[in-house]
>>> print(open('final.csv').read())   # CSV, C-alpha atoms and all ligand atoms
chain,number,residue,atom,x,y,z
F,1,MET,CA,-38.7,-21.6,-14.8
F,2,ARG,CA,-35.5,-19.7,-14.4
F,3,ARG,CA,-32.4,-21.5,-15.7
F,4,PRO,CA,-29.3,-19.3,-14.8
F,5,ARG,CA,-27.1,-21.6,-16.9
F,6,ARG,CA,-28.4,-19.9,-20.1
F,7,ASN,CA,-26.4,-16.8,-19.2
F,8,ARG,CA,-23.3,-19.0,-18.9
F,9,ALA,CA,-23.7,-21.0,-22.1
F,10,SER,CA,-21.2,-19.3,-24.3
F,11,SER,CA,-18.1,-17.1,-24.0
F,12,ALA,CA,-20.1,-14.3,-25.7
F,13,ILE,CA,-23.0,-14.3,-23.2
F,14,ARG,CA,-20.6,-14.7,-20.3
F,15,ASP,CA,-18.7,-11.6,-21.5
F,16,LEU,CA,-21.9,-9.6,-22.0
F,17,ALA,CA,-23.3,-10.6,-18.6
F,18,GLN,CA,-20.1,-10.0,-16.7
F,19,GLU,CA,-20.7,-7.7,-13.7
F,20,THR,CA,-17.2,-6.7,-12.7
F,21,ILE,CA,-14.4,-5.8,-15.0
F,22,LEU,CA,-10.8,-5.5,-13.9
F,23,THR,CA,-8.5,-3.1,-15.7
F,24,THR,CA,-4.9,-1.9,-15.4
F,25,ASN,CA,-6.4,1.4,-14.3
F,26,ASP,CA,-7.3,-0.4,-11.0
F,27,PHE,CA,-3.7,-1.1,-10.0
F,28,ILE,CA,-1.1,0.6,-7.8
F,29,PHE,CA,2.3,-1.0,-7.8
F,30,PRO,CA,4.3,-1.0,-4.5
F,31,LEU,CA,8.0,-0.6,-5.0
F,32,PHE,CA,11.0,-1.0,-2.7
F,33,LEU,CA,13.8,1.5,-3.0
F,34,LEU,CA,17.4,0.7,-2.3
F,35,GLU,CA,20.2,3.3,-1.6
F,36,GLY,CA,22.9,3.4,-4.3
F,37,LYS,CA,23.3,2.7,-7.9
F,38,ASN,CA,22.7,-0.4,-10.1
F,39,LYS,CA,21.5,-2.5,-7.2
F,40,LYS,CA,18.8,-5.1,-7.4
F,41,SER,CA,18.0,-7.8,-4.9
F,42,GLU,CA,15.0,-10.2,-4.9
F,43,VAL,CA,12.8,-10.4,-1.8
F,44,GLU,CA,13.2,-14.1,-0.9
F,45,SER,CA,9.7,-14.5,0.3
F,46,MET,CA,8.3,-12.6,-2.7
F,47,PRO,CA,9.6,-14.3,-5.9
F,48,GLY,CA,9.6,-11.8,-8.8
F,49,ILE,CA,9.7,-8.7,-6.5
F,50,PHE,CA,12.9,-6.8,-6.3
F,51,ARG,CA,14.4,-4.1,-4.1
F,52,LEU,CA,15.8,-1.6,-6.7
F,53,SER,CA,18.2,1.4,-6.6
F,54,GLU,CA,17.1,4.7,-8.0
F,55,ASP,CA,18.4,4.2,-11.5
F,56,LEU,CA,16.6,0.9,-11.8
F,57,ILE,CA,13.4,2.1,-10.1
F,58,LEU,CA,13.2,4.9,-12.7
F,59,LYS,CA,13.4,2.3,-15.5
F,60,GLU,CA,10.8,0.1,-13.7
F,61,ILE,CA,8.3,3.0,-13.5
F,62,GLU,CA,8.9,3.9,-17.1
F,63,ALA,CA,8.1,0.3,-18.1
F,64,CYS,CA,5.0,0.1,-15.9
F,65,LEU,CA,3.7,3.4,-17.3
F,66,LYS,CA,4.0,2.0,-20.8
F,67,MET,CA,1.9,-0.9,-19.7
F,68,GLY,CA,-0.8,1.4,-18.4
F,69,ILE,CA,0.0,1.3,-14.6
F,70,LYS,CA,-0.4,4.8,-13.3
F,71,GLY,CA,0.0,4.5,-9.5
F,72,PHE,CA,3.1,3.6,-7.5
F,73,ASP,CA,3.6,3.4,-3.7
F,74,VAL,CA,7.3,3.7,-3.0
F,75,PHE,CA,8.9,2.3,0.2
F,76,PRO,CA,12.5,2.8,1.4
F,77,VAL,CA,14.8,0.0,2.4
F,78,VAL,CA,16.7,1.7,5.3
F,79,ASP,CA,20.0,0.4,6.5
F,80,GLU,CA,20.2,-0.4,10.2
F,81,LYS,CA,22.9,2.3,10.7
F,82,TYR,CA,20.4,5.0,9.8
F,83,LYS,CA,17.7,3.9,12.2
F,84,ASP,CA,17.0,5.6,15.5
F,85,LYS,CA,14.3,6.0,18.2
F,86,THR,CA,12.7,9.0,16.5
F,87,ALA,CA,13.0,8.1,12.8
F,88,THR,CA,15.1,11.2,12.1
F,89,ARG,CA,16.0,10.1,8.6
F,90,SER,CA,12.4,10.1,7.6
F,91,TYR,CA,12.4,13.9,7.3
F,92,ASP,CA,16.0,14.5,6.4
F,93,PRO,CA,16.0,16.2,3.0
F,94,ASP,CA,19.4,14.7,2.2
F,95,PHE,CA,18.2,11.2,2.7
F,96,PHE,CA,18.2,9.1,-0.4
F,97,TYR,CA,14.4,8.3,-0.3
F,98,LEU,CA,13.3,11.9,-0.5
F,99,LYS,CA,15.9,12.7,-3.1
F,100,THR,CA,14.7,9.8,-5.3
F,101,LEU,CA,11.1,10.9,-4.9
F,102,THR,CA,11.9,14.3,-6.3
F,103,LYS,CA,13.7,12.6,-9.2
F,104,ILE,CA,10.8,10.3,-10.0
F,105,LYS,CA,8.3,13.2,-10.0
F,106,LYS,CA,10.6,15.2,-12.2
F,107,GLU,CA,11.0,12.5,-14.7
F,108,PHE,CA,7.4,11.1,-14.7
F,109,PRO,CA,5.1,14.0,-13.6
F,110,GLU,CA,2.2,11.9,-15.0
F,111,ALA,CA,2.7,9.1,-12.6
F,112,LEU,CA,0.7,9.1,-9.3
F,113,ILE,CA,3.3,8.7,-6.6
F,114,ILE,CA,2.2,7.6,-3.1
F,115,THR,CA,4.5,7.6,0.0
F,116,ASP,CA,4.2,5.7,3.2
F,117,VAL,CA,3.9,7.8,6.3
F,118,ALA,CA,5.0,5.6,9.3
F,119,MET,CA,8.0,5.4,11.5
F,120,ASP,CA,8.7,1.7,11.2
F,121,PRO,CA,11.3,1.5,8.4
F,122,TYR,CA,13.3,4.2,10.1
F,123,SER,CA,12.8,3.2,13.7
F,124,SER,CA,15.4,1.3,15.7
F,125,ASP,CA,12.5,-0.2,17.6
F,126,GLY,CA,10.7,-1.3,14.3
F,127,HIS,CA,7.5,0.2,15.5
F,128,ASP,CA,5.2,2.8,13.9
F,129,GLY,CA,5.4,5.1,16.8
F,130,ILE,CA,7.8,6.5,19.5
F,131,VAL,CA,8.5,3.8,22.1
F,132,GLU,CA,8.7,4.7,25.7
F,133,ASP,CA,8.8,2.1,28.5
F,134,GLY,CA,7.4,-0.5,26.1
F,135,GLN,CA,4.5,1.8,25.2
F,136,ILE,CA,3.8,3.3,21.7
F,137,LEU,CA,3.1,7.0,22.3
F,138,ASN,CA,0.4,8.5,20.1
F,139,ASP,CA,0.5,12.3,20.3
F,140,GLU,CA,4.3,12.5,20.4
F,141,THR,CA,4.4,10.4,17.3
F,142,LEU,CA,2.1,12.8,15.4
F,143,ASP,CA,4.8,15.4,15.4
F,144,ILE,CA,7.3,13.1,13.7
F,145,LEU,CA,4.6,12.0,11.2
F,146,GLY,CA,3.9,15.6,10.4
F,147,GLN,CA,7.6,16.4,9.6
F,148,MET,CA,7.8,13.2,7.5
F,149,ALA,CA,4.6,14.0,5.5
F,150,LEU,CA,5.8,17.6,4.9
F,151,ALA,CA,9.2,16.4,3.7
F,152,GLN,CA,7.5,14.0,1.3
F,153,ALA,CA,5.1,16.6,0.1
F,154,GLU,CA,8.1,18.9,-0.6
F,155,SER,CA,9.5,16.3,-2.9
F,156,GLY,CA,6.5,16.7,-5.1
F,157,ILE,CA,4.7,13.4,-4.5
F,158,ASP,CA,0.9,13.3,-5.1
F,159,MET,CA,-0.5,11.4,-2.1
F,160,ILE,CA,0.7,10.4,1.3
F,161,GLY,CA,-0.3,7.1,2.8
F,162,PRO,CA,-0.4,7.3,6.6
F,163,SER,CA,0.0,3.6,7.5
F,164,ASP,CA,0.7,3.9,11.3
F,165,MET,CA,-2.8,3.7,12.8
F,166,MET,CA,-2.1,6.4,15.4
F,167,ASP,CA,-5.3,8.3,16.4
F,168,PHE,CA,-5.9,11.7,14.9
F,169,ARG,CA,-3.2,11.4,12.3
F,170,VAL,CA,-5.3,12.1,9.2
F,171,GLY,CA,-6.6,15.4,10.5
F,172,TYR,CA,-3.2,16.3,12.0
F,173,LEU,CA,-1.4,15.6,8.7
F,174,ARG,CA,-4.1,17.4,6.6
F,175,ASN,CA,-3.6,20.5,8.8
F,176,VAL,CA,0.2,20.4,8.5
F,177,LEU,CA,0.1,20.0,4.7
F,178,ASP,CA,-2.6,22.8,4.3
F,179,GLU,CA,-0.7,25.2,6.6
F,180,GLN,CA,2.4,24.9,4.4
F,181,GLY,CA,0.4,25.3,1.2
F,182,TYR,CA,0.3,21.6,0.2
F,183,THR,CA,-3.5,21.7,-0.3
F,184,ASN,CA,-3.2,19.5,-3.4
F,185,THR,CA,-1.3,16.7,-1.7
F,186,GLY,CA,-3.8,13.9,-1.2
F,187,ILE,CA,-4.2,11.5,1.7
F,188,MET,CA,-4.8,7.8,1.1
F,189,SER,CA,-5.4,6.7,4.7
F,190,TYR,CA,-4.7,3.1,5.9
F,191,THR,CA,-8.1,3.3,7.6
F,192,ALA,CA,-8.8,-0.3,8.5
F,193,LYS,CA,-5.3,-1.7,8.9
F,194,TYR,CA,-5.4,-5.0,10.8
F,195,ALA,CA,-2.7,-6.6,13.0
F,196,SER,CA,-2.1,-9.2,10.4
F,197,ALA,CA,0.2,-12.2,9.9
F,198,PHE,CA,0.1,-11.4,6.1
F,199,TYR,CA,2.7,-8.6,6.4
F,200,GLY,CA,5.6,-11.0,7.0
F,201,PRO,CA,7.2,-10.9,3.6
F,202,PHE,CA,7.0,-7.0,3.5
F,203,ARG,CA,8.9,-6.8,6.8
F,204,ASP,CA,11.5,-9.1,5.2
F,205,ALA,CA,11.8,-6.8,2.2
F,206,LEU,CA,12.4,-3.7,4.4
F,207,ASP,CA,13.9,-5.5,7.4
F,208,SER,CA,11.3,-3.6,9.4
F,209,ALA,CA,9.9,-6.2,11.8
F,210,PRO,CA,9.2,-4.9,15.4
F,211,LYS,CA,12.2,-5.5,17.7
F,212,PHE,CA,9.9,-6.4,20.5
F,213,GLY,CA,6.2,-7.3,20.9
F,214,ASP,CA,3.6,-6.8,18.2
F,215,LYS,CA,1.5,-4.1,16.7
F,216,LYS,CA,-1.7,-5.0,18.4
F,217,THR,CA,-2.0,-1.7,20.4
F,218,TYR,CA,-2.4,0.3,17.2
F,219,GLN,CA,-3.3,-2.0,14.3
F,220,MET,CA,-6.8,-3.5,14.5
F,221,ASN,CA,-8.1,-6.8,15.8
F,222,PRO,CA,-8.9,-9.1,12.9
F,223,ALA,CA,-12.1,-10.0,14.7
F,224,ASN,CA,-13.6,-6.6,14.4
F,225,SER,CA,-15.8,-4.9,11.7
F,226,ASP,CA,-17.8,-2.2,13.6
F,227,GLU,CA,-14.4,-0.8,14.7
F,228,ALA,CA,-13.5,-0.3,11.0
F,229,MET,CA,-16.6,1.8,10.6
F,230,ILE,CA,-15.4,4.1,13.5
F,231,GLU,CA,-12.0,4.4,11.9
F,232,ALA,CA,-13.5,5.2,8.5
F,233,GLU,CA,-15.8,7.8,10.0
F,234,LEU,CA,-12.9,9.5,11.7
F,235,ASP,CA,-10.7,9.4,8.6
F,236,PHE,CA,-13.5,10.6,6.4
F,237,ASN,CA,-14.3,13.5,8.7
F,238,GLU,CA,-10.6,14.4,9.2
F,239,GLY,CA,-10.3,14.8,5.4
F,240,ALA,CA,-9.0,11.6,3.9
F,241,ASP,CA,-9.3,11.4,0.1
F,242,VAL,CA,-9.2,7.6,-0.1
F,243,LEU,CA,-10.0,5.0,2.6
F,244,MET,CA,-7.9,1.8,2.5
F,245,VAL,CA,-8.6,-1.7,3.8
F,246,LYS,CA,-5.6,-3.9,4.5
F,247,PRO,CA,-5.0,-6.8,4.0
F,248,ALA,CA,-7.6,-7.4,1.2
F,249,LEU,CA,-8.5,-11.1,0.7
F,250,ALA,CA,-9.3,-12.0,4.3
F,251,TYR,CA,-11.2,-8.6,4.7
F,252,LEU,CA,-13.5,-8.5,1.7
F,253,ASP,CA,-16.4,-7.9,4.0
F,254,ILE,CA,-14.7,-4.8,5.4
F,255,ILE,CA,-14.1,-3.5,1.8
F,256,GLN,CA,-17.8,-4.0,1.0
F,257,ARG,CA,-18.9,-2.3,4.2
F,258,LEU,CA,-16.8,0.7,3.6
F,259,LYS,CA,-17.8,1.0,0.0
F,260,ALA,CA,-21.5,0.9,1.0
F,261,ASN,CA,-21.1,3.6,3.6
F,262,PHE,CA,-18.6,6.1,2.3
F,263,ASN,CA,-18.8,8.0,-0.9
F,264,ILE,CA,-15.1,8.4,-1.5
F,265,PRO,CA,-12.8,5.9,-3.3
F,266,ILE,CA,-12.0,2.7,-1.4
F,267,ALA,CA,-8.6,1.2,-1.8
F,268,ALA,CA,-7.6,-2.4,-0.9
F,269,TYR,CA,-4.0,-3.5,-0.2
F,270,ASN,CA,-3.4,-7.0,-1.5
F,271,VAL,CA,-0.5,-7.4,0.8
F,272,SER,CA,2.9,-9.2,0.6
F,273,GLY,CA,1.7,-12.4,2.3
F,274,GLU,CA,-1.3,-12.7,-0.1
F,275,TYR,CA,1.2,-12.4,-3.0
F,276,ALA,CA,3.6,-14.9,-1.4
F,277,MET,CA,0.9,-17.6,-0.8
F,278,ILE,CA,-0.2,-17.7,-4.5
F,279,LYS,CA,3.4,-17.6,-5.7
F,280,ALA,CA,4.5,-20.4,-3.4
F,281,ALA,CA,1.6,-22.7,-4.3
F,282,GLY,CA,2.1,-21.8,-7.9
F,283,GLU,CA,5.8,-22.8,-7.7
F,284,LYS,CA,4.9,-26.1,-6.2
F,285,GLY,CA,2.5,-26.7,-9.0
F,286,TRP,CA,-0.4,-26.8,-6.6
F,287,LEU,CA,-2.4,-24.1,-8.3
F,288,ASP,CA,-2.3,-22.0,-11.5
F,289,THR,CA,-0.6,-18.8,-10.5
F,290,ASP,CA,-2.0,-16.7,-13.3
F,291,LYS,CA,-5.6,-17.8,-12.7
F,292,ALA,CA,-5.4,-17.5,-8.9
F,293,MET,CA,-3.9,-14.0,-9.3
F,294,MET,CA,-6.6,-12.8,-11.6
F,295,GLU,CA,-9.4,-14.4,-9.6
F,296,SER,CA,-8.2,-12.8,-6.4
F,297,LEU,CA,-7.8,-9.3,-7.9
F,298,LEU,CA,-11.3,-9.6,-9.5
F,299,SER,CA,-12.8,-10.6,-6.2
F,300,ILE,CA,-11.2,-7.6,-4.4
F,301,LYS,CA,-12.8,-5.3,-7.0
F,302,ARG,CA,-16.1,-7.1,-6.9
F,303,ALA,CA,-16.2,-6.6,-3.1
F,304,GLY,CA,-16.0,-2.8,-3.8
F,305,ALA,CA,-12.4,-1.7,-4.1
F,306,ASP,CA,-11.9,1.2,-6.5
F,307,MET,CA,-8.2,0.7,-6.5
F,308,ILE,CA,-5.9,-2.2,-5.6
F,309,LEU,CA,-2.4,-2.0,-4.3
F,310,THR,CA,-0.8,-5.2,-5.5
F,311,TYR,CA,2.6,-6.8,-6.1
F,312,PHE,CA,0.8,-8.5,-9.0
F,313,ALA,CA,0.3,-5.2,-10.8
F,314,LYS,CA,2.8,-5.8,-13.6
F,315,GLU,CA,1.9,-9.5,-14.1
F,316,ALA,CA,-1.8,-8.8,-14.1
F,317,ALA,CA,-1.4,-5.8,-16.5
F,318,ALA,CA,0.5,-8.1,-18.9
F,319,HIS,CA,-2.2,-10.7,-18.6
F,320,LEU,CA,-5.0,-8.2,-19.3
F,321,ALA,CA,-3.1,-6.9,-22.3
F,322,LEU,CA,-2.8,-10.4,-23.8
F,323,GLN,CA,-6.6,-11.0,-23.3
F,324,ARG,CA,-7.5,-8.1,-25.7
F,401,LIG,C1,4.4,0.1,7.4
F,401,LIG,C2,3.7,-0.8,6.4
F,401,LIG,C3,3.5,-2.2,6.4
F,401,LIG,C4,2.9,-2.5,5.2
F,401,LIG,C5,2.7,-1.3,4.5
F,401,LIG,N1,3.2,-0.3,5.2
F,401,LIG,C6,3.9,-3.2,7.4
F,401,LIG,C7,3.4,-3.1,8.8
F,401,LIG,O1,2.6,-2.4,9.2
F,401,LIG,O2,4.0,-3.9,9.6
F,401,LIG,C8,2.7,-3.9,4.8
F,401,LIG,C9,2.5,-4.2,3.3
F,401,LIG,C10,2.5,-5.6,2.9
F,401,LIG,O3,2.6,-6.5,3.7
F,401,LIG,O4,2.5,-5.8,1.7
F,401,LIG,N2,3.6,0.6,8.4
>>> encode(input="final.csv", output="structure tokens", more="lines below")
Ligand code: PBG
Amino acid sequence: MRRPRRNRASSAIRDLAQETILTTNDFIFPLFLLEGKNKKSEVESMPGIFRLSEDLILKEIEACLKMGIKGFDVFPVVDEKYKDKTATRSYDPDFFYLKTLTKIKKEFPEALIITDVAMDPYSSDGHDGIVEDGQILNDETLDILGQMALAQAESGIDMIGPSDMMDFRVGYLRNVLDEQGYTNTGIMSYTAKYASAFYGPFRDALDSAPKFGDKKTYQMNPANSDEAMIEAELDFNEGADVLMVKPALAYLDIIQRLKANFNIPIAAYNVSGEYAMIKAAGEKGWLDTDKAMMESLLSIKRAGADMILTYFAKEAAAHLALQR
């Protein structure tokens, strides 16, 4: 007679029998960088998340490092006046984003800094590739992504995060970096990135929504799982160091499938909309924010994620510290 409840009978046996343990080491904190000094603005659809200027982002990283958060993904908020068809500012060494990255790495060499390689925040079309007659061009976009990745690598960051979903970009970028001597710059590939409704608040944060159409000709169809395996195989063979699944919660099956089939770390991006949902329901008193946050992060890890990009990083780290 097997009675599974015996292993749930006390807090002690529950702790001993626990299969998955979430730690602050699992978290990567996405940050939004503003141009200028002493500037801070809350993202309306993401309560508790702020766009920060360089001076304040340095302070934020310092505070996070003290809490044990080691990884950061930095995204630039680009003013409309800087945007153009070919995302020129993305590889302009004088642009504030690249300058701040250099500063961050200089001040906190121990922090793992990840950058986003995609045209959308710099593109006047709001798309991740060059737009011509309503089409998103693939191979022409690679050239720009290469210049962007190289400029970011030159700033000293640790890992690039190609998030555009163009074909061949991982191999192309690996080659560009290696040719210029950046063999130590890693690639966290947005491998299975779905055309998702859950990116809404992020696009509010950066004001980067597409000006026309949607992203369905490059981001994946939420209905597909085998296709994620093809993307993963390509990225793995093209030299990715980490494979990412995005979003996380509605795609736990994809995380599990990648983890079972590829022997490199799997990352999951607990995206802006997933954060917003829990925050909004919490504010209404419809659920316990803290518990829902910890349960979702734990579930993402249980599914197989080795690292989790999450806007909850700081709150979850604080929660874990209290539990000790
Ligand atoms: C840019 C990019 C996006 C996100 C990360 N990098 C938005 C998009 O593809 O439209 C979304 C992150 C989030 O929603 O938290 N390509």
>>> closest_residue(input="final.csv", among="F:Asp288, F:Asp116, F:Glu154, F:Asp241", to="ligand LIG 401 (chain F)", atoms="only C-alpha atoms and all ligand atoms")
F:Asp116
>>> residues_around(input="final.csv", residues="Asp92 (chain F)", least_positions_apart="6", cutoff="12 Å", atoms="only C-alpha atoms", output="ChimeraX atom specification")
/F:82,86,98-99,122,144,147-152,154-155
>>> residues_near_ligand(input="final.csv", ligand="ligand LIG 401 (chain F)", cutoff="7 Å", atoms="all atoms listed in the file", output="PyMOL selection string")
chain F and resi 116+118+120+128+163-164+198-203+209+270-273
>>> atom_distance(input="final.csv", atom1="CA of Thr23 (chain F)", atom2="CA of Glu110 (chain F)")
18.4 Å
>>> residues_near_point(input="final.csv", point="(3.8, 0.3, -10.8)", cutoff="6 Å", atoms="all atoms listed in the file", output="JSON, numbers by chain")
{"F": [28, 29, 61, 64, 69, 71, 72]}
>>> write_last_selection(input="final.csv", atoms="C-alpha atoms", output="CSV table (one decimal), keeping the file's coordinate frame")
chain,number,residue,atom,x,y,z
F,28,ILE,CA,-1.1,0.6,-7.8
F,29,PHE,CA,2.3,-1.0,-7.8
F,61,ILE,CA,8.3,3.0,-13.5
F,64,CYS,CA,5.0,0.1,-15.9
F,69,ILE,CA,0.0,1.3,-14.6
F,71,GLY,CA,0.0,4.5,-9.5
F,72,PHE,CA,3.1,3.6,-7.5
>>> closest_residue(input="final.csv", among="F:Asp290, F:Glu19, F:Asp306, F:Asp178", to="Pro265 (chain F)", atoms="only C-alpha atoms")
F:Asp306
>>> atom_distance(input="final.csv", atom1="CA of Met119 (chain F)", atom2="CA of Ala87 (chain F)")
5.8 Å
>>> closest_residue(input="final.csv", among="F:Met294, F:Ile114, F:Val74, F:Ala267", to="Pro247 (chain F)", atoms="all atoms listed in the file")
F:Ala267
>>> residues_around(input="final.csv", residues="Asp125 (chain F)", least_positions_apart="3", cutoff="12 Å", atoms="all atoms listed in the file", output="list in words")
Glu80, Lys83, Asp84, Lys85, Thr86, Ala87, Met119, Asp120, Pro121, Tyr122, Asp128, Gly129, Ile130, Val131, Glu132, Asp133, Gly134, Gln135, Ile136, Asp207, Ser208, Ala209, Pro210, Lys211, Phe212, Gly213, Asp214 and Lys215 of chain F
>>> residues_around(input="final.csv", residues="Tyr194 (chain F)", least_positions_apart="5", cutoff="8 Å", atoms="only C-alpha atoms", output="mmCIF file with C-alpha atoms, keeping the file's coordinate frame")
data_model
loop_
_atom_site.group_PDB
_atom_site.id
_atom_site.type_symbol
_atom_site.label_atom_id
_atom_site.label_comp_id
_atom_site.auth_asym_id
_atom_site.auth_seq_id
_atom_site.Cartn_x
_atom_site.Cartn_y
_atom_site.Cartn_z
ATOM 1 C CA GLN F 219 -3.300 -2.000 14.300
ATOM 2 C CA MET F 220 -6.800 -3.500 14.500
ATOM 3 C CA ASN F 221 -8.100 -6.800 15.800
ATOM 4 C CA PRO F 222 -8.900 -9.100 12.900
ATOM 5 C CA LYS F 246 -5.600 -3.900 4.500
ATOM 6 C CA PRO F 247 -5.000 -6.800 4.000
#
>>> atom_distance(input="final.csv", atom1="CA of Asp79 (chain F)", atom2="CA of Tyr269 (chain F)")
25.2 Å
>>> closest_residue(input="final.csv", among="F:Asp226, F:Glu315, F:Asp15, F:Asp235", to="Lys291 (chain F)", atoms="all atoms listed in the file")
F:Glu315
>>> closest_residue(input="final.csv", among="F:Ala9, F:Ile187, F:Ala280, F:Val245", to="Glu44 (chain F)", atoms="all atoms listed in the file")
F:Ala280
>>> residues_near_point(input="final.csv", point="(-13.7, -2.4, 9.7)", cutoff="6 Å", atoms="only C-alpha atoms", output="list of chain:residue names")
F:Ala192, F:Ser225, F:Asp226, F:Glu227, F:Ala228, F:Met229, F:Ile254
>>> decode(input="final.csv", residues="region 150-222 of chain F", atoms="C-alpha atoms", output="compact mmCIF listing (two decimals), in the first residue's frame")
# COMPACT_ATOMS: atom_id res chain seq x y z
CA LEU F 150 30.65 43.28 -32.98
CA ALA F 151 30.06 46.73 -31.51
CA GLN F 152 28.53 45.13 -28.42
CA ALA F 153 31.42 42.67 -28.09
CA GLU F 154 33.86 45.57 -28.34
CA SER F 155 32.17 47.13 -25.31
CA GLY F 156 33.31 44.10 -23.32
CA ILE F 157 29.99 42.38 -22.65
CA ASP F 158 30.01 38.65 -21.96
CA MET F 159 27.24 37.25 -24.11
CA ILE F 160 25.13 38.38 -27.02
CA GLY F 161 21.47 37.41 -27.22
CA PRO F 162 20.31 37.29 -30.84
CA SER F 163 16.53 37.70 -30.51
CA ASP F 164 15.55 38.40 -34.12
CA MET F 165 14.80 34.87 -35.42
CA MET F 166 16.49 35.43 -38.80
CA ASP F 167 17.81 32.20 -40.35
CA PHE F 168 21.58 31.51 -40.04
CA ARG F 169 22.19 34.30 -37.56
CA VAL F 170 23.89 32.25 -34.87
CA GLY F 171 26.50 30.82 -37.23
CA TYR F 172 26.91 34.16 -38.96
CA LEU F 173 27.45 36.02 -35.68
CA ARG F 174 29.78 33.32 -34.30
CA ASN F 175 31.89 33.77 -37.39
CA VAL F 176 31.96 37.56 -37.22
CA LEU F 177 32.96 37.46 -33.53
CA ASP F 178 35.63 34.79 -34.04
CA GLU F 179 37.16 36.57 -37.02
CA GLN F 180 37.62 39.68 -34.92
CA GLY F 181 39.13 37.77 -32.01
CA TYR F 182 36.04 37.70 -29.80
CA THR F 183 36.16 33.96 -29.30
CA ASN F 184 35.21 34.37 -25.62
CA THR F 185 32.00 36.28 -26.27
CA GLY F 186 29.16 33.83 -25.78
CA ILE F 187 25.89 33.42 -27.64
CA MET F 188 22.61 32.92 -25.82
CA SER F 189 20.34 32.28 -28.75
CA TYR F 190 16.64 33.05 -28.67
CA THR F 191 16.14 29.65 -30.24
CA ALA F 192 12.42 29.02 -29.89
CA LYS F 193 10.99 32.49 -29.84
CA TYR F 194 7.28 32.49 -30.48
CA ALA F 195 5.09 35.18 -32.07
CA SER F 196 3.49 35.86 -28.72
CA ALA F 197 0.95 38.27 -27.27
CA PHE F 198 2.96 38.23 -24.04
CA TYR F 199 5.59 40.72 -25.29
CA GLY F 200 3.15 43.66 -25.13
CA PRO F 201 4.47 45.36 -21.97
CA PHE F 202 8.08 45.04 -23.20
CA ARG F 203 7.17 46.87 -26.40
CA ASP F 204 5.58 49.58 -24.20
CA ALA F 205 8.81 49.79 -22.20
CA LEU F 206 10.95 50.35 -25.29
CA ASP F 207 8.27 51.84 -27.54
CA SER F 208 9.32 49.20 -30.06
CA ALA F 209 6.06 47.76 -31.39
CA PRO F 210 6.03 47.02 -35.14
CA LYS F 211 4.69 49.99 -37.15
CA PHE F 212 2.81 47.65 -39.47
CA GLY F 213 1.84 43.97 -39.51
CA ASP F 214 3.14 41.43 -37.01
CA LYS F 215 6.23 39.29 -36.50
CA LYS F 216 4.74 36.01 -37.72
CA THR F 217 7.08 35.64 -40.73
CA TYR F 218 10.06 35.30 -38.41
CA GLN F 219 8.87 34.45 -34.89
CA MET F 220 7.43 30.94 -34.44
CA ASN F 221 3.85 29.76 -34.54
CA PRO F 222 2.67 29.01 -30.95
